[in-house]
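One structure is given here, and the rest of the page talks about it.
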Amino acid sequence: MPYHTQRNGAFSLVELSIILAVLGLLVGGIMAGTALLKQSELKTILVDFNKYSTAVAQFNKQYGGLPGDLLDATNYWGDDNAVCADAAVTNGTPGTCNGDSDGDMSDGAEPYRAWQQLFLANYIGGNFTGVASAGGAVPNTNVPDSNITSAGWSFGNKAATVANANDFDQALSNYLAIGRPIAAALTQAAAITPRDAWQVDTKLDDGMPGLGRIMTRKPAALAGCATSDVDATATYTMTSESIACSLNMSLTLK
C-alpha cells in the first residue's frame, strides 16, 4: 500500500511567522492610516481658520464693516422680507438684514448673518440661512461644517471677564469657534482631543488653553480639556485621548 503522511492541522513555525508578519503589517497600516487621518483633520482646522478669517478681513476692507454687523447690508443684497422687511430697499432673494455696526459680531442674529453675507459677497462657498436654526448653530445650514465629525464653525465675541465659571478671563474680541453645536448657542461643544487642541494652539499661538489668542473653555464647560480653571497655569490635558475640547480662535490672529 502506498504510504500517506498525515497532517494534524496545526501551523508550522514558518506559517505562524508569516501570519504574524501579515498581522503586524495590517496593524501598522491601520495605525499609520489613523495618524494620517488625524493630521489631515488638524490641517483642515488651520486651513479653514485662515480661509474664513481672511474672508472677514477682505469683506471689511471692501464694505467698510464686518459681515453680519454691516449697517447697510440691505443696500447691497436687498432685505430679507420675512425677517427684516424694509420698504425703503428692494426685497432680496434671499436678502439679508442690517447689523448695528458696533464692531461686535455676536449680537442677535449677526453671527448667522455673517456667514450669509460672506456667501452673498462671494468670499466663501455654501448657502447659509442667516438665522438661528433649532435655537442656534447648525453646521451646513446656518454655519459651515467641518471635516471633523459633527463639528462646525461659528462667530462669537468675548470681552474680558473676571471669575467667570465657564470662560477664562482674557478678552478675544471677535473669534471663530470650532466645535460641535451646543443648545441655543455657538459651536463650542467638544469635538477634538486635548492633544489636538494643543497642536493647533501651538502652531498658531502659545499652546496655553487660558491665555493668548486661541483659548478653550474652563473645565466647568468642557470637562477634561484643560487641567484647571486658573488662566496662567492651566494646560491641555495631554494624557487624555477623549473628545473634550473646542477652540475659540480670535480674528485678531490675522
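Just remember, in the C-alpha cells the first chain shown is A, the second B, etc., residues are 1-based per chain, and ligands are 1-based in the order shown.
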Point to revise | Test item: residues at most 8 Å from Phe128 of chain A, only C-alpha atoms, excluding those fewer than 4 positions along its chain, as a PyMOL selection string | key: chain A and resi 112+115-116+119+140-143
Closest contacts (segment 92-157 of chain A/segment 54-59 of chain A, max 12 Å, only C-alpha atoms) as a tab-separated table:
residue	atom	partner	partner_atom	distance
A:Met105	CA	A:Val56	CA	10.8
A:Ala114	CA	A:Val56	CA	8.7
A:Trp115	CA	A:Val56	CA	9.5
A:Gln116	CA	A:Val56	CA	12.0
A:Gln117	CA	A:Phe59	CA	9.0
A:Leu118	CA	A:Ala55	CA	7.2
A:Phe119	CA	A:Ala55	CA	9.7
A:Leu120	CA	A:Phe59	CA	10.7
A:Ala121	CA	A:Phe59	CA	7.7
A:Asn122	CA	A:Ala55	CA	9.3
A:Tyr123	CA	A:Ala55	CA	5.6
A:Ile124	CA	A:Ala55	CA	7.2
A:Gly125	CA	A:Ala55	CA	10.9
A:Phe155	CA	A:Val56	CA	10.7
Since we have the selection now, will you write its residues out, keeping N, CA and C atoms, as a JSON list (two decimals), in the first residue's frame?
[["chain", "number", "residue", "atom", "x", "y", "z"],
["A", 105, "MET", "N", -19.60, 91.01, 16.46],
["A", 105, "MET", "CA", -20.30, 90.12, 15.52],
["A", 105, "MET", "C", -21.22, 89.12, 16.22],
["A", 114, "ALA", "N", -23.54, 86.85, 9.34],
["A", 114, "ALA", "CA", -22.17, 86.99, 8.89],
["A", 114, "ALA", "C", -21.83, 85.94, 7.82],
["A", 115, "TRP", "N", -22.19, 84.69, 8.07],
["A", 115, "TRP", "CA", -21.91, 83.63, 7.08],
["A", 115, "TRP", "C", -22.72, 83.86, 5.80],
["A", 116, "GLN", "N", -23.97, 84.28, 5.97],
["A", 116, "GLN", "CA", -24.81, 84.56, 4.80],
["A", 116, "GLN", "C", -24.20, 85.67, 3.95],
["A", 117, "GLN", "N", -23.73, 86.73, 4.59],
["A", 117, "GLN", "CA", -23.20, 87.86, 3.84],
["A", 117, "GLN", "C", -21.84, 87.56, 3.22],
["A", 118, "LEU", "N", -21.03, 86.74, 3.88],
["A", 118, "LEU", "CA", -19.77, 86.31, 3.27],
["A", 118, "LEU", "C", -20.05, 85.50, 2.01],
["A", 119, "PHE", "N", -21.11, 84.70, 2.05],
["A", 119, "PHE", "CA", -21.51, 83.94, 0.86],
["A", 119, "PHE", "C", -22.05, 84.87, -0.23],
["A", 120, "LEU", "N", -22.94, 85.79, 0.15],
["A", 120, "LEU", "CA", -23.52, 86.70, -0.83],
["A", 120, "LEU", "C", -22.46, 87.58, -1.49],
["A", 121, "ALA", "N", -21.39, 87.88, -0.75],
["A", 121, "ALA", "CA", -20.29, 88.69, -1.29],
["A", 121, "ALA", "C", -19.26, 87.86, -2.05],
["A", 122, "ASN", "N", -19.55, 86.54, -2.17],
["A", 122, "ASN", "CA", -18.69, 85.61, -2.92],
["A", 122, "ASN", "C", -17.30, 85.41, -2.30],
["A", 123, "TYR", "N", -17.23, 85.54, -0.98],
["A", 123, "TYR", "CA", -15.96, 85.27, -0.30],
["A", 123, "TYR", "C", -15.85, 83.82, 0.17],
["A", 124, "ILE", "N", -16.98, 83.15, 0.34],
["A", 124, "ILE", "CA", -16.96, 81.74, 0.73],
["A", 124, "ILE", "C", -18.04, 81.00, -0.05],
["A", 125, "GLY", "N", -17.90, 79.68, -0.11],
["A", 125, "GLY", "CA", -18.94, 78.84, -0.69],
["A", 125, "GLY", "C", -20.01, 78.51, 0.34],
["A", 155, "PHE", "N", -19.23, 82.30, 14.67],
["A", 155, "PHE", "CA", -18.63, 83.54, 15.15],
["A", 155, "PHE", "C", -19.11, 83.85, 16.55]]
Residues at most 9 Å from segment 79-95 of chain A, counting only C-alpha atoms, excluding those fewer than 4 positions away in the same chain, as a PDB file with N, CA and C atoms, in the first residue's frame?
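Result file follows (around07.pdb):
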ATOM      1  N   ALA A  73     -26.131  96.562   4.929  1.00  0.00           N
ATOM      2  CA  ALA A  73     -26.056  95.326   4.146  1.00  0.00           C
ATOM      3  C   ALA A  73     -27.199  95.198   3.139  1.00  0.00           C
ATOM      4  N   THR A  74     -28.402  95.675   3.499  1.00  0.00           N
ATOM      5  CA  THR A  74     -29.547  95.525   2.592  1.00  0.00           C
ATOM      6  C   THR A  74     -29.413  96.403   1.351  1.00  0.00           C
ATOM      7  N   ASN A  75     -28.546  97.407   1.385  1.00  0.00           N
ATOM      8  CA  ASN A  75     -28.306  98.210   0.182  1.00  0.00           C
ATOM      9  C   ASN A  75     -27.603  97.397  -0.895  1.00  0.00           C
ATOM     10  N   LEU A 120     -22.937  85.786   0.149  1.00  0.00           N
ATOM     11  CA  LEU A 120     -23.521  86.701  -0.835  1.00  0.00           C
ATOM     12  C   LEU A 120     -22.456  87.575  -1.488  1.00  0.00           C
ATOM     13  N   THR A 129     -28.582  80.260   5.856  1.00  0.00           N
ATOM     14  CA  THR A 129     -29.901  80.860   6.049  1.00  0.00           C
ATOM     15  C   THR A 129     -29.859  82.246   6.655  1.00  0.00           C
ATOM     16  N   VAL A 131     -30.178  82.905   9.814  1.00  0.00           N
ATOM     17  CA  VAL A 131     -30.971  82.932  11.045  1.00  0.00           C
ATOM     18  C   VAL A 131     -30.618  81.708  11.886  1.00  0.00           C
TER      19      VAL A 131
END
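With distances restricted to only C-alpha atoms, A:Arg180 is the closest residue to Ser246 of chain A from A:Arg180, A:Lys43, A:Lys158, A:Lys203.
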**Study point:** Point-to-point distance from atom CA of Ser150 of chain A to atom CA of Tyr175 of chain A, Å rounded to tenths
**Key:**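 We find that atom CA of Ser150 of chain A and atom CA of Tyr175 of chain A lie 19.9 Å from each other.
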Review point. If you count only C-alpha atoms, which residues fall within 10 Å of segment 47-52 of chain A, apart from same-chain ones fewer than 6 positions away, as a PyMOL selection string?
Key: chain A and resi 41+58+115+118+123-124+144+146-147+153+176-178+249-251+253-254
